[in-house]
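Report on the following structure.
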Amino acid sequence: MASVLSSQKVQEGKSHIWPEVDVDPECAAMSDLIVPVPGALARTTLACFPGSGSKWYLSLIQFMSGYMTQDSLGTSVWLPKSHHDSDHTIVEVLSTGRPRPPSPARQRMAAVFKAEGRSILLLRNPFNAIVSWWNHVQSGSVYYGPGLTDALLEETLGTEEFCRFARAEAENWELQALDVLALSVDVLVVHYEDLREDFERQLTRTLRFLRVPIEERKLDCLRRYSVVVHKRRARERQGRFFCREARDRVGRAVREVRAALRELHLARIHPSYLDDLQDAEEQSLR
């Protein structure tokens with residue numbers, strides 16, 4: 001079977017993982033979703049920086065669990081997603097050209113507190129995540145942005161405006177991770193890069209953390225299709241687009257989060273983060 005499972009807008013009562021062609025009737029029959037009874041599932045927040053693959057990750061969780069994470073109005077009913085304060089940062093950067101200072105600590109802590117201290121921290125290489133988030137904004141796929149085409153997006157990378165944006169967003173990437181690691185009573189760290197390489201292992205870890213039974217039949221559906229839709233092209237080194245100030249800020253963020261992970265004995269930082277940081281620094285010297 002050559003079909004590709006893709007993320008689409010949630011339809012009422014249906015999972016939003018669907019094969020693009022030749023829908024498998026057996027798998028489609030298992031895609032029905034229900035709204036979980038309040039209190040039936042462990043309250044958990046999904047903390048992630050924008051552009052980190054959270055929609056795809058949530059679509060896998062929905063399919064495997066059978067539970068909606070949002071209702072038909074887009075309101076979170078389970079596993080609410082927290083993007084930290086990046087939306088406000090983007091508005092400020094694009095409207096004034098000045099990075100905005102971090103939001104008050106109590107605002108940054110709110111999402112973790114609502115989940116009673118249980119969090120999943122989805123991390124992605126900050127170089128790639130920041131570029132992905134910038135592209136979302138510039139393409140107009142979020143609430144604002146000039147609506148640039150793919151052909152024009154790369155021309156905006158490396159500009160002074162992107163440099164300011166990247167520097168501010170690198171701080172958000174760091175603060176969100178550190179807040180979640182410091183405040184969560186129970187936290188699961190998942191790297192987007194590991195999810196791409198071995199989605200089954202990371203999804204199994206996630207479902208166990210969420211205390212959701214693992215159905216082998218559903219896992220088999222995911223095995224039969226290529227669910228890694230983000231592997232459409234090889235990962236490129238995105239650090240070359242970052243000015244020195246932004247690159248240095250990303251470097252500091254990676255090192256701070258790596259140190260926190262070590263202190264808490266939770267996980268190692270994905271090696272690609274350090275590899276890309278070194279690569280970007282070497283390119284700047286050429």
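Just remember, in the structure tokens the first chain shown is A, the second B, etc., residues are 1-based per chain, and ligands are 1-based in the order shown.
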Would you tabulate, counting only C-alpha atoms, all residues of segment 149-214 of chain A that have an atom at most 12 Å from an atom of segment 244-265 of chain A, showing the closest pair of atoms and their distance in Å to one decimal, sorted by chain then ascending number, as a Markdown table?
| residue | atom | partner | partner_atom | distance |
| --- | --- | --- | --- | --- |
| A:Gly158 | CA | A:Ala246 | CA | 10.3 |
| A:Thr159 | CA | A:Ala246 | CA | 11.6 |
| A:Glu160 | CA | A:Ala246 | CA | 10.5 |
| A:Glu161 | CA | A:Ala246 | CA | 11.3 |
| A:Phe162 | CA | A:Ala246 | CA | 9.2 |
| A:Cys163 | CA | A:Ala246 | CA | 6.0 |
| A:Arg164 | CA | A:Ala246 | CA | 7.4 |
| A:Phe165 | CA | A:Ala246 | CA | 8.5 |
| A:Ala166 | CA | A:Ala246 | CA | 5.7 |
| A:Arg167 | CA | A:Ala246 | CA | 4.3 |
| A:Ala168 | CA | A:Ala246 | CA | 8.1 |
| A:Glu169 | CA | A:Val250 | CA | 8.9 |
| A:Ala170 | CA | A:Val250 | CA | 5.3 |
| A:Glu171 | CA | A:Ala253 | CA | 6.8 |
| A:Asn172 | CA | A:Ala253 | CA | 9.1 |
| A:Trp173 | CA | A:Ala253 | CA | 7.3 |
| A:Glu174 | CA | A:Ala253 | CA | 5.0 |
| A:Leu175 | CA | A:Ala253 | CA | 8.3 |
| A:Gln176 | CA | A:Val257 | CA | 9.8 |
| A:Ala177 | CA | A:Val257 | CA | 6.8 |
| A:Leu178 | CA | A:Val257 | CA | 6.5 |
| A:Asp179 | CA | A:Val257 | CA | 10.3 |
| A:Val180 | CA | A:Ala260 | CA | 10.6 |
| A:Leu181 | CA | A:Ala260 | CA | 7.4 |
| A:Ala182 | CA | A:Ala260 | CA | 8.4 |
| A:Leu183 | CA | A:Leu264 | CA | 11.8 |
| A:Ser184 | CA | A:Leu264 | CA | 11.3 |
| A:Val185 | CA | A:Leu264 | CA | 11.5 |
| A:Asp186 | CA | A:Leu264 | CA | 11.2 |
| A:Val187 | CA | A:Leu264 | CA | 10.4 |
| A:Leu188 | CA | A:Leu261 | CA | 11.1 |
| A:Val189 | CA | A:Leu261 | CA | 9.1 |
| A:Val190 | CA | A:Leu261 | CA | 11.9 |
Expected file contents, prior selection, C-alpha atoms, as a PDB file, in the first residue's frame:
ATOM      1  CA  GLY A 158      18.255  35.921   6.354  1.00  0.00           C
ATOM      2  CA  THR A 159      16.677  39.372   6.294  1.00  0.00           C
ATOM      3  CA  GLU A 160      16.991  41.826   9.177  1.00  0.00           C
ATOM      4  CA  GLU A 161      13.331  41.267  10.004  1.00  0.00           C
ATOM      5  CA  PHE A 162      13.875  37.517  10.214  1.00  0.00           C
ATOM      6  CA  CYS A 163      16.934  38.078  12.405  1.00  0.00           C
ATOM      7  CA  ARG A 164      14.867  40.023  14.959  1.00  0.00           C
ATOM      8  CA  PHE A 165      12.118  37.435  14.812  1.00  0.00           C
ATOM      9  CA  ALA A 166      14.516  34.504  15.249  1.00  0.00           C
ATOM     10  CA  ARG A 167      16.293  36.093  18.195  1.00  0.00           C
ATOM     11  CA  ALA A 168      13.012  36.699  20.024  1.00  0.00           C
ATOM     12  CA  GLU A 169      11.624  33.263  19.222  1.00  0.00           C
ATOM     13  CA  ALA A 170      14.801  31.480  20.347  1.00  0.00           C
ATOM     14  CA  GLU A 171      14.131  32.937  23.791  1.00  0.00           C
ATOM     15  CA  ASN A 172      10.564  31.638  23.694  1.00  0.00           C
ATOM     16  CA  TRP A 173      11.804  28.167  22.694  1.00  0.00           C
ATOM     17  CA  GLU A 174      14.112  28.132  25.720  1.00  0.00           C
ATOM     18  CA  LEU A 175      11.696  29.622  28.262  1.00  0.00           C
ATOM     19  CA  GLN A 176       8.880  27.268  27.411  1.00  0.00           C
ATOM     20  CA  ALA A 177      11.083  24.200  27.758  1.00  0.00           C
ATOM     21  CA  LEU A 178      12.618  25.388  31.041  1.00  0.00           C
ATOM     22  CA  ASP A 179       9.245  26.362  32.515  1.00  0.00           C
ATOM     23  CA  VAL A 180       7.746  22.961  31.736  1.00  0.00           C
ATOM     24  CA  LEU A 181      10.774  21.073  33.027  1.00  0.00           C
ATOM     25  CA  ALA A 182      10.891  23.110  36.229  1.00  0.00           C
ATOM     26  CA  LEU A 183       7.177  23.163  37.040  1.00  0.00           C
ATOM     27  CA  SER A 184       5.840  19.811  35.897  1.00  0.00           C
ATOM     28  CA  VAL A 185       5.382  17.131  38.518  1.00  0.00           C
ATOM     29  CA  ASP A 186       5.432  14.514  35.769  1.00  0.00           C
ATOM     30  CA  VAL A 187       6.803  15.249  32.292  1.00  0.00           C
ATOM     31  CA  LEU A 188       7.442  13.224  29.160  1.00  0.00           C
ATOM     32  CA  VAL A 189       9.991  14.643  26.713  1.00  0.00           C
ATOM     33  CA  VAL A 190       9.488  13.737  23.052  1.00  0.00           C
TER      34      VAL A 190
END
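A straight line drawn from atom CA of Leu122 of chain A to atom CA of Gly53 of chain A is 8.5 Å long.
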Quick one: of A:Cys48, A:Ala40, A:Cys27, A:Leu222, who's nearest to Leu123 of chain A, counting only C-alpha atoms? A:Cys48
Interatomic distance (Å, one decimal) between atom CA of Val212 of chain A and atom CA of Ser65 of chain A: 6.4 Å
Please run DSSP on the backbone and report, as an NGL selection string, all residues within segment 146-219 of chain A that come out as strand (DSSP E or B). :A and (186-191)
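Interatomic distance, atom CA of Glu215 of chain A against atom CA of Ala47 of chain A: 25.3 Å.
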Using only C-alpha atoms, which protein or nucleic acid residues come within 10 Å of Ile214 of chain A? Drop anything in the same chain fewer than 6 positions from it, and give the result as a compact mmCIF listing (two decimals) with N, CA and C atoms, in the first residue's frame.
# COMPACT_ATOMS: atom_id res chain seq x y z
N MET A 64 -5.08 6.73 17.81
CA MET A 64 -4.80 5.60 18.69
C MET A 64 -5.70 5.56 19.92
N SER A 65 -6.04 6.72 20.45
CA SER A 65 -6.84 6.77 21.68
C SER A 65 -8.33 6.68 21.42
N LEU A 203 5.19 6.98 19.98
CA LEU A 203 3.75 6.97 20.20
C LEU A 203 3.39 6.02 21.34
N THR A 204 4.08 4.89 21.42
CA THR A 204 3.85 3.95 22.51
C THR A 204 4.23 4.58 23.85
N LEU A 207 1.38 7.08 24.74
CA LEU A 207 0.12 6.48 25.18
C LEU A 207 0.24 5.91 26.59
N ARG A 208 1.39 5.34 26.90
CA ARG A 208 1.60 4.83 28.26
C ARG A 208 1.61 5.97 29.27
